[in-house]
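The block underneath contains the structure these notes are about, expressed in structure tokens.
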Amino acid sequence: MSASTPLLAAGSFGRFEILIAERRLQVDGQPAALGSRAFDLLAALVARRDRVVSKDELIDVVWPGLVVEENNLQVQISALRKVLGAQAIATVPGRGYQFTVAAAATASAAAEANAPRLPERAGDAALRKACLLVADDNKVNRLLLCRSLELMGHEVESADNGRVALEKLLSGRFDMLLLDLEMPEMDGFALLGRRAAEPALRELPVIVTSSLEGAAQVARCIELGADDFLHKPVNPVLLKARVDSSLERKRLRDRQRELLARLAPDLRDGAQVPGGGSGGMRVEATLLVARLHDVDALAASQPAHETLELLGNWSTLMCDAVEGRGGLVQQLGGDAMMAVFGAPDPVRGDGGAPWAATRAALEMLELLALFNAERAASGQSAVAVGIGIASGEVVVGHAGTPRRAVYVCVGAAVQRAVALEALATRGTAAVLLDGSTNAALAGRAATDAVRPMALPGHPTAVPVFALKAG
């Protein structure tokens with residue numbers, strides 16, 4: 001689907017009416033309760049109902065900028081099927097999901113076509129289509145490789161030698177280079193060397209396609225920065241797998257860079273630290289760590305799908321609270337999450353990160369109360385959460401290997417937030433703050449001092465404060 005594909009303002013599908021602008025679903029004329037993530041997922045499937053939508057694409061749309069487990073998607077799909085019926089969303093093994101209910105013919109169809117269109121999320125088109133450059137002097141190989149890549153849905157340009165390929169790379173914007181080694185004017189090895197010397201090209205994924213044999217040739221390509229090596233004739237199944245994998249790694253790197261830029265806008269793009277690691281810096285931030293209580297006991301007392309649904313719904317509510325206050329969900333897994341607040345509060349414009357994190361925690365408690373009311377109406381037990389908030393200097397950046405880099409946030413403030421969450425989980429209070437966070441609030445939120453506690457990074461017990469809800 002192109003970037004201009006519309007998202008419906010409203011649509012009728014059999015018994016269902018979906019009002020995108022109002023974020024409302026009606027079944028048989030009655031409003032149906034859907035969580036925020038479930039509605040985003042439904043809107044994405046309806047807007048793309050003419051095709052199968054991959055799991056990766058749906059995760060990128062519904063959880064933009066986050067690394068989440070696939071079971072979160074499965075939980076939301078399950079929630080939609082409970083409301084719409086099992087047949088409304090088809091599972092296509094190995095490919096993804098598709099909304100299958102036919103649109104109802106209405107008199108407003110023509111008006112809908114001219115209705116204001118909501119912008120598609122940035123990154124949707126990139127997930128499906130990339131701009132690739134093929135450099136190969138053999139015309140037959142070049143044409144066949146280009147055709148294979150175009151059938152995968154990508155835009156493809158080509159060059160018949162290394163010099164032309166370099167010119168195209170420097171003057172255009174490409175997501176990947178597929179490179180032959182034996183070419184006139186400038187061979188593949190020379191082009192890899194020039195790429196390494198150009199800052200704008202260093203992170204461009206390169207897959208070498210060559211008939212040259214021997215481990216030495218492959219090793220030399222890897223040493224020069226190539227991501228992968230495919231022997232000719234190229235197997236189309238391997239080609240698709242390697243291209244998809246390399247593009248996904250590039251997307252993750254781009255996404256992590258964007259997250260880092262939001263948290264630390266003064267960090268220069270592409271900054272390096274000694275030893276060749278990824279750029280990073282020290283920043284003042286507030287960390288929020290939240291964990292769902294007693295998940296193990298719940299999991300032992302109910303069917304597995306109910307536990308997964310609970311975790312998915314909880315993650316949805318907590319992430320919405322964090323993102324609504326300008327926070328970044330840095331880790332999300334099962335019953336726990338960690339978020340980073342490193343910018344002024346986007347709603348009030350003052351108070352900074354501690355106030356934004358505190359407001360997020362208050363909203364978490366409000367959402368959890370509403371969620372528990374829904375669970376009670378269904379005969380399910382209430383759930384509770386423990387939240388720890390700490391402020392201080394942390395180190396943010398990327399760590400890991402070139403093939404598996406992750407965005408990290410480390411420091412004493414992180415450890416304090418984790419420790420406070422653990423204390424809150426044991427019943428001291430729903431939300432505990434360290435002294436730095438409480439001082440920064442300057443009376444904006446009601447807190448009570450609790451007994452001093454030993455926290456990481458402090459040789460003696462330090463003041464801890466309980467946040468009052470309401």
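Labels for the structure tokens follow display order: chains A, B, ..., residues from 1 in each chain, ligands from 1.
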
So which residues touch Ala412 in chain A within 12 Å, counting only C-alpha atoms, skipping near sequence neighbours fewer than 4 positions away, as a compact mmCIF listing (two decimals) with N, CA and C atoms, in the first residue's frame?
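Full text of part-v5.txt as output:
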# COMPACT_ATOMS: atom_id res chain seq x y z
N GLU A 284 20.46 13.86 32.34
CA GLU A 284 19.59 13.83 33.50
C GLU A 284 18.24 13.31 33.06
N ALA A 285 17.75 12.28 33.71
CA ALA A 285 16.49 11.67 33.30
C ALA A 285 15.75 11.14 34.52
N THR A 286 14.50 10.82 34.31
CA THR A 286 13.68 10.17 35.34
C THR A 286 13.26 8.80 34.82
N LEU A 287 13.45 7.79 35.65
CA LEU A 287 13.14 6.41 35.28
C LEU A 287 11.88 5.95 36.00
N ALA A 390 12.60 7.15 39.96
CA ALA A 390 13.84 7.74 40.46
C ALA A 390 14.43 8.67 39.40
N SER A 391 15.14 9.70 39.86
CA SER A 391 15.72 10.68 38.96
C SER A 391 17.22 10.80 39.20
N GLY A 392 17.95 11.11 38.14
CA GLY A 392 19.39 11.29 38.26
C GLY A 392 20.08 11.14 36.92
N GLU A 393 21.40 11.11 36.98
CA GLU A 393 22.19 11.00 35.75
C GLU A 393 22.23 9.55 35.29
N VAL A 394 22.01 9.35 33.98
CA VAL A 394 22.10 8.02 33.40
C VAL A 394 22.91 8.11 32.10
N VAL A 395 23.39 6.99 31.66
CA VAL A 395 24.07 6.88 30.38
C VAL A 395 23.11 6.25 29.39
N ARG A 416 17.83 2.45 41.39
CA ARG A 416 16.93 2.94 42.44
C ARG A 416 15.47 2.73 42.05
N ALA A 417 15.14 3.00 40.78
CA ALA A 417 13.76 2.82 40.33
C ALA A 417 13.35 1.36 40.42
N VAL A 418 14.26 0.45 40.05
CA VAL A 418 13.97 -0.98 40.15
C VAL A 418 13.75 -1.38 41.60
N ALA A 419 14.61 -0.88 42.50
CA ALA A 419 14.47 -1.21 43.91
C ALA A 419 13.18 -0.66 44.50
N ASP A 434 12.00 8.39 44.77
CA ASP A 434 13.23 8.70 45.52
C ASP A 434 13.24 10.18 45.88
N LEU A 455 18.93 1.90 49.39
CA LEU A 455 18.76 1.82 47.93
C LEU A 455 20.14 1.69 47.29
N PRO A 456 20.21 1.09 46.10
CA PRO A 456 21.50 0.96 45.40
C PRO A 456 22.17 2.32 45.21
N GLY A 457 23.48 2.36 45.40
CA GLY A 457 24.24 3.58 45.19
C GLY A 457 24.33 4.47 46.41
N HIS A 458 23.70 4.05 47.52
CA HIS A 458 23.73 4.86 48.74
C HIS A 458 24.20 3.98 49.90

DSSP-assigned helix (DSSP H, G or I) members of range 118-229 of chain A, reported as a ChimeraX atom specification: /A:124-128,139-151,162-171,188-197,215-223

Could you write out that same residue set with C-alpha atoms as an mmCIF file, in the first residue's frame?
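Contents of the output file part-v6.cif:
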data_model
loop_
_atom_site.group_PDB
_atom_site.id
_atom_site.type_symbol
_atom_site.label_atom_id
_atom_site.label_comp_id
_atom_site.auth_asym_id
_atom_site.auth_seq_id
_atom_site.Cartn_x
_atom_site.Cartn_y
_atom_site.Cartn_z
ATOM 1 C CA ASP A 124 4.542 2.103 7.283
ATOM 2 C CA ALA A 125 5.693 2.369 3.682
ATOM 3 C CA ALA A 126 9.313 1.792 4.639
ATOM 4 C CA LEU A 127 8.368 -1.458 6.313
ATOM 5 C CA ARG A 128 6.905 -2.813 3.084
ATOM 6 C CA LYS A 139 23.179 -7.553 -17.708
ATOM 7 C CA VAL A 140 21.309 -10.844 -17.391
ATOM 8 C CA ASN A 141 22.209 -11.233 -13.718
ATOM 9 C CA ARG A 142 21.381 -7.598 -13.085
ATOM 10 C CA LEU A 143 17.957 -7.739 -14.737
ATOM 11 C CA LEU A 144 16.955 -10.987 -13.055
ATOM 12 C CA LEU A 145 18.062 -9.788 -9.638
ATOM 13 C CA CYS A 146 16.214 -6.500 -10.081
ATOM 14 C CA ARG A 147 13.078 -8.376 -11.109
ATOM 15 C CA SER A 148 13.252 -10.628 -8.035
ATOM 16 C CA LEU A 149 13.564 -7.620 -5.741
ATOM 17 C CA GLU A 150 10.729 -5.778 -7.473
ATOM 18 C CA LEU A 151 8.481 -8.817 -7.002
ATOM 19 C CA GLY A 162 31.235 0.285 -9.203
ATOM 20 C CA ARG A 163 31.909 3.882 -10.208
ATOM 21 C CA VAL A 164 28.323 4.464 -11.356
ATOM 22 C CA ALA A 165 27.043 2.706 -8.240
ATOM 23 C CA LEU A 166 29.094 5.003 -5.998
ATOM 24 C CA GLU A 167 27.791 8.082 -7.808
ATOM 25 C CA LYS A 168 24.210 6.897 -7.338
ATOM 26 C CA LEU A 169 24.791 6.161 -3.661
ATOM 27 C CA LEU A 170 26.250 9.612 -3.019
ATOM 28 C CA SER A 171 23.530 11.457 -4.917
ATOM 29 C CA GLY A 188 33.140 -4.505 -5.471
ATOM 30 C CA PHE A 189 36.073 -4.553 -3.059
ATOM 31 C CA ALA A 190 37.022 -0.997 -4.001
ATOM 32 C CA LEU A 191 33.436 0.154 -3.636
ATOM 33 C CA LEU A 192 33.231 -1.368 -0.156
ATOM 34 C CA GLY A 193 36.394 0.524 0.745
ATOM 35 C CA ARG A 194 34.964 3.823 -0.528
ATOM 36 C CA ARG A 195 31.725 3.159 1.362
ATOM 37 C CA ALA A 196 33.643 2.758 4.623
ATOM 38 C CA ALA A 197 35.328 6.132 4.028
ATOM 39 C CA ALA A 215 36.267 -18.387 2.446
ATOM 40 C CA ALA A 216 38.982 -15.750 1.948
ATOM 41 C CA GLN A 217 36.766 -13.750 -0.438
ATOM 42 C CA VAL A 218 33.816 -13.895 1.946
ATOM 43 C CA ALA A 219 36.014 -12.907 4.897
ATOM 44 C CA ARG A 220 37.451 -9.959 2.997
ATOM 45 C CA CYS A 221 33.949 -8.684 2.201
ATOM 46 C CA ILE A 222 32.867 -8.964 5.829
ATOM 47 C CA GLU A 223 36.030 -7.192 6.968
#

Would you work out the distance separating CA of Ala32 in chain A from CA of Val83 in chain A, expressed in Å to one decimal?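 Calculated distance between CA of Ala32 in chain A and CA of Val83 in chain A is 7.5 Å.
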
Can you pull out every residue within 7 Å of range 303-310 of chain A, counting only C-alpha atoms, but drop anything in the same chain fewer than 4 positions away, and send it as an MDAnalysis selection string? chainID A and resid 75 299 314

Atom-to-atom span, CA of Val206 in chain A and CA of Asp228 in chain A, Å: 6.9 Å

Env of Glu363 in chain A: 10 Å cut, atoms = only C-alpha atoms, seq-sep filter 3 positions within chain, self excluded. Answer as a list in words.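 Those residues are Leu317, Met318, Asp320, Ala321, Val322, Gly324, Arg325, Ala357, Thr358, Arg359, Ala360, Glu366, Leu367, Leu368, Ala369, Ala469 and Gly470 of chain A.
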
Residue with the minimum atom-to-atom distance to Leu432 in chain A, picked from A:Cys319, A:Val289, A:Ala413, A:Ala339 with only C-alpha atoms counted, is A:Val289

Which residues are close to Asp335 in chain A, i.e. within 9 Å by only C-alpha atoms, leaving aside same-chain residues fewer than 6 positions away? Reply as a PyMOL selection string. chain A and resi 290-293+295+311+314-315

Please extract the residues of range 319-382 of chain A with a backbone DSSP assignment of strand (DSSP E or B) and present them as a list in words. Leu328, Val329, Gln330, Gln331, Leu332, Gly333, Ala336, Met337, Met338, Ala339, Val340 and Phe341 of chain A

Print the selection's residues with N, CA and C atoms to a file, as a short mmCIF file (atom, residue, chain, number, x, y, z; two decimals), in the first residue's frame.
data_model
loop_
_atom_site.label_atom_id
_atom_site.label_comp_id
_atom_site.auth_asym_id
_atom_site.auth_seq_id
_atom_site.Cartn_x
_atom_site.Cartn_y
_atom_site.Cartn_z
N LEU A 328 9.51 7.42 27.02
CA LEU A 328 9.93 6.39 26.08
C LEU A 328 9.94 5.05 26.80
N VAL A 329 9.21 4.08 26.27
CA VAL A 329 9.23 2.74 26.85
C VAL A 329 10.51 2.07 26.40
N GLN A 330 11.46 1.93 27.34
CA GLN A 330 12.78 1.41 26.99
C GLN A 330 12.83 -0.10 27.05
N GLN A 331 12.06 -0.70 27.94
CA GLN A 331 11.96 -2.16 28.02
C GLN A 331 10.52 -2.53 28.28
N LEU A 332 10.07 -3.58 27.61
CA LEU A 332 8.71 -4.08 27.79
C LEU A 332 8.75 -5.58 27.65
N GLY A 333 8.38 -6.28 28.70
CA GLY A 333 8.41 -7.73 28.62
C GLY A 333 7.52 -8.35 29.67
N ALA A 336 6.44 -6.62 33.27
CA ALA A 336 7.24 -5.47 33.71
C ALA A 336 7.57 -4.55 32.55
N MET A 337 7.80 -3.29 32.90
CA MET A 337 8.21 -2.32 31.89
C MET A 337 9.08 -1.26 32.55
N MET A 338 9.95 -0.64 31.75
CA MET A 338 10.74 0.50 32.21
C MET A 338 10.63 1.60 31.18
N ALA A 339 10.38 2.81 31.66
CA ALA A 339 10.24 3.97 30.78
C ALA A 339 11.20 5.06 31.22
N VAL A 340 11.63 5.87 30.24
CA VAL A 340 12.57 6.95 30.47
C VAL A 340 11.91 8.27 30.12
N PHE A 341 12.02 9.23 31.01
CA PHE A 341 11.51 10.58 30.77
C PHE A 341 12.71 11.52 30.81
#

At what distance in Å, to one decimal, does CA of Arg37 in chain A lie from CA of Gln76 in chain A?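 According to the coordinates, CA of Gln76 in chain A and CA of Arg37 in chain A are separated by 7.3 Å.
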
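Residues within 9 Å of range 24-28 of chain A, counting only C-alpha atoms and excluding same-chain residues fewer than 5 positions away, are Gly14, Arg15, Phe16, Glu17, Ile18, Leu19, Ala33, Leu34, Phe39, Val83 and Leu84 of chain A.
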
Could you write out the selected residues, including C-alpha atoms, as a PDB file, in the first residue's frame?
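Done, and the output landed in again_35.pdb:
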ATOM      1  CA  GLY A  14     -21.808  -6.124   8.141  1.00  0.00           C
ATOM      2  CA  ARG A  15     -22.817  -5.739  11.793  1.00  0.00           C
ATOM      3  CA  PHE A  16     -19.918  -3.414  12.546  1.00  0.00           C
ATOM      4  CA  GLU A  17     -19.470   0.315  12.144  1.00  0.00           C
ATOM      5  CA  ILE A  18     -15.968   1.673  12.678  1.00  0.00           C
ATOM      6  CA  LEU A  19     -15.615   5.395  13.388  1.00  0.00           C
ATOM      7  CA  ALA A  33     -15.508  -1.643  24.428  1.00  0.00           C
ATOM      8  CA  LEU A  34     -12.032  -1.823  22.907  1.00  0.00           C
ATOM      9  CA  PHE A  39      -8.604  -0.115  18.229  1.00  0.00           C
ATOM     10  CA  VAL A  83     -15.853  -8.674  19.698  1.00  0.00           C
ATOM     11  CA  LEU A  84     -15.990  -9.177  15.920  1.00  0.00           C
TER      12      LEU A  84
END

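Distance check against Ala449 in chain A using only C-alpha atoms: of A:Ala466, A:Cys131, A:Ala376, A:Ala461, the minimum falls on A:Ala466.
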
Tell me which of A:Asn438, A:Asn235, A:Thr316, A:Gln74 sits closest to Gly388 in chain A, counting only C-alpha atoms.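 Looking at the shortest contact to Gly388 in chain A, the residue is A:Asn438.
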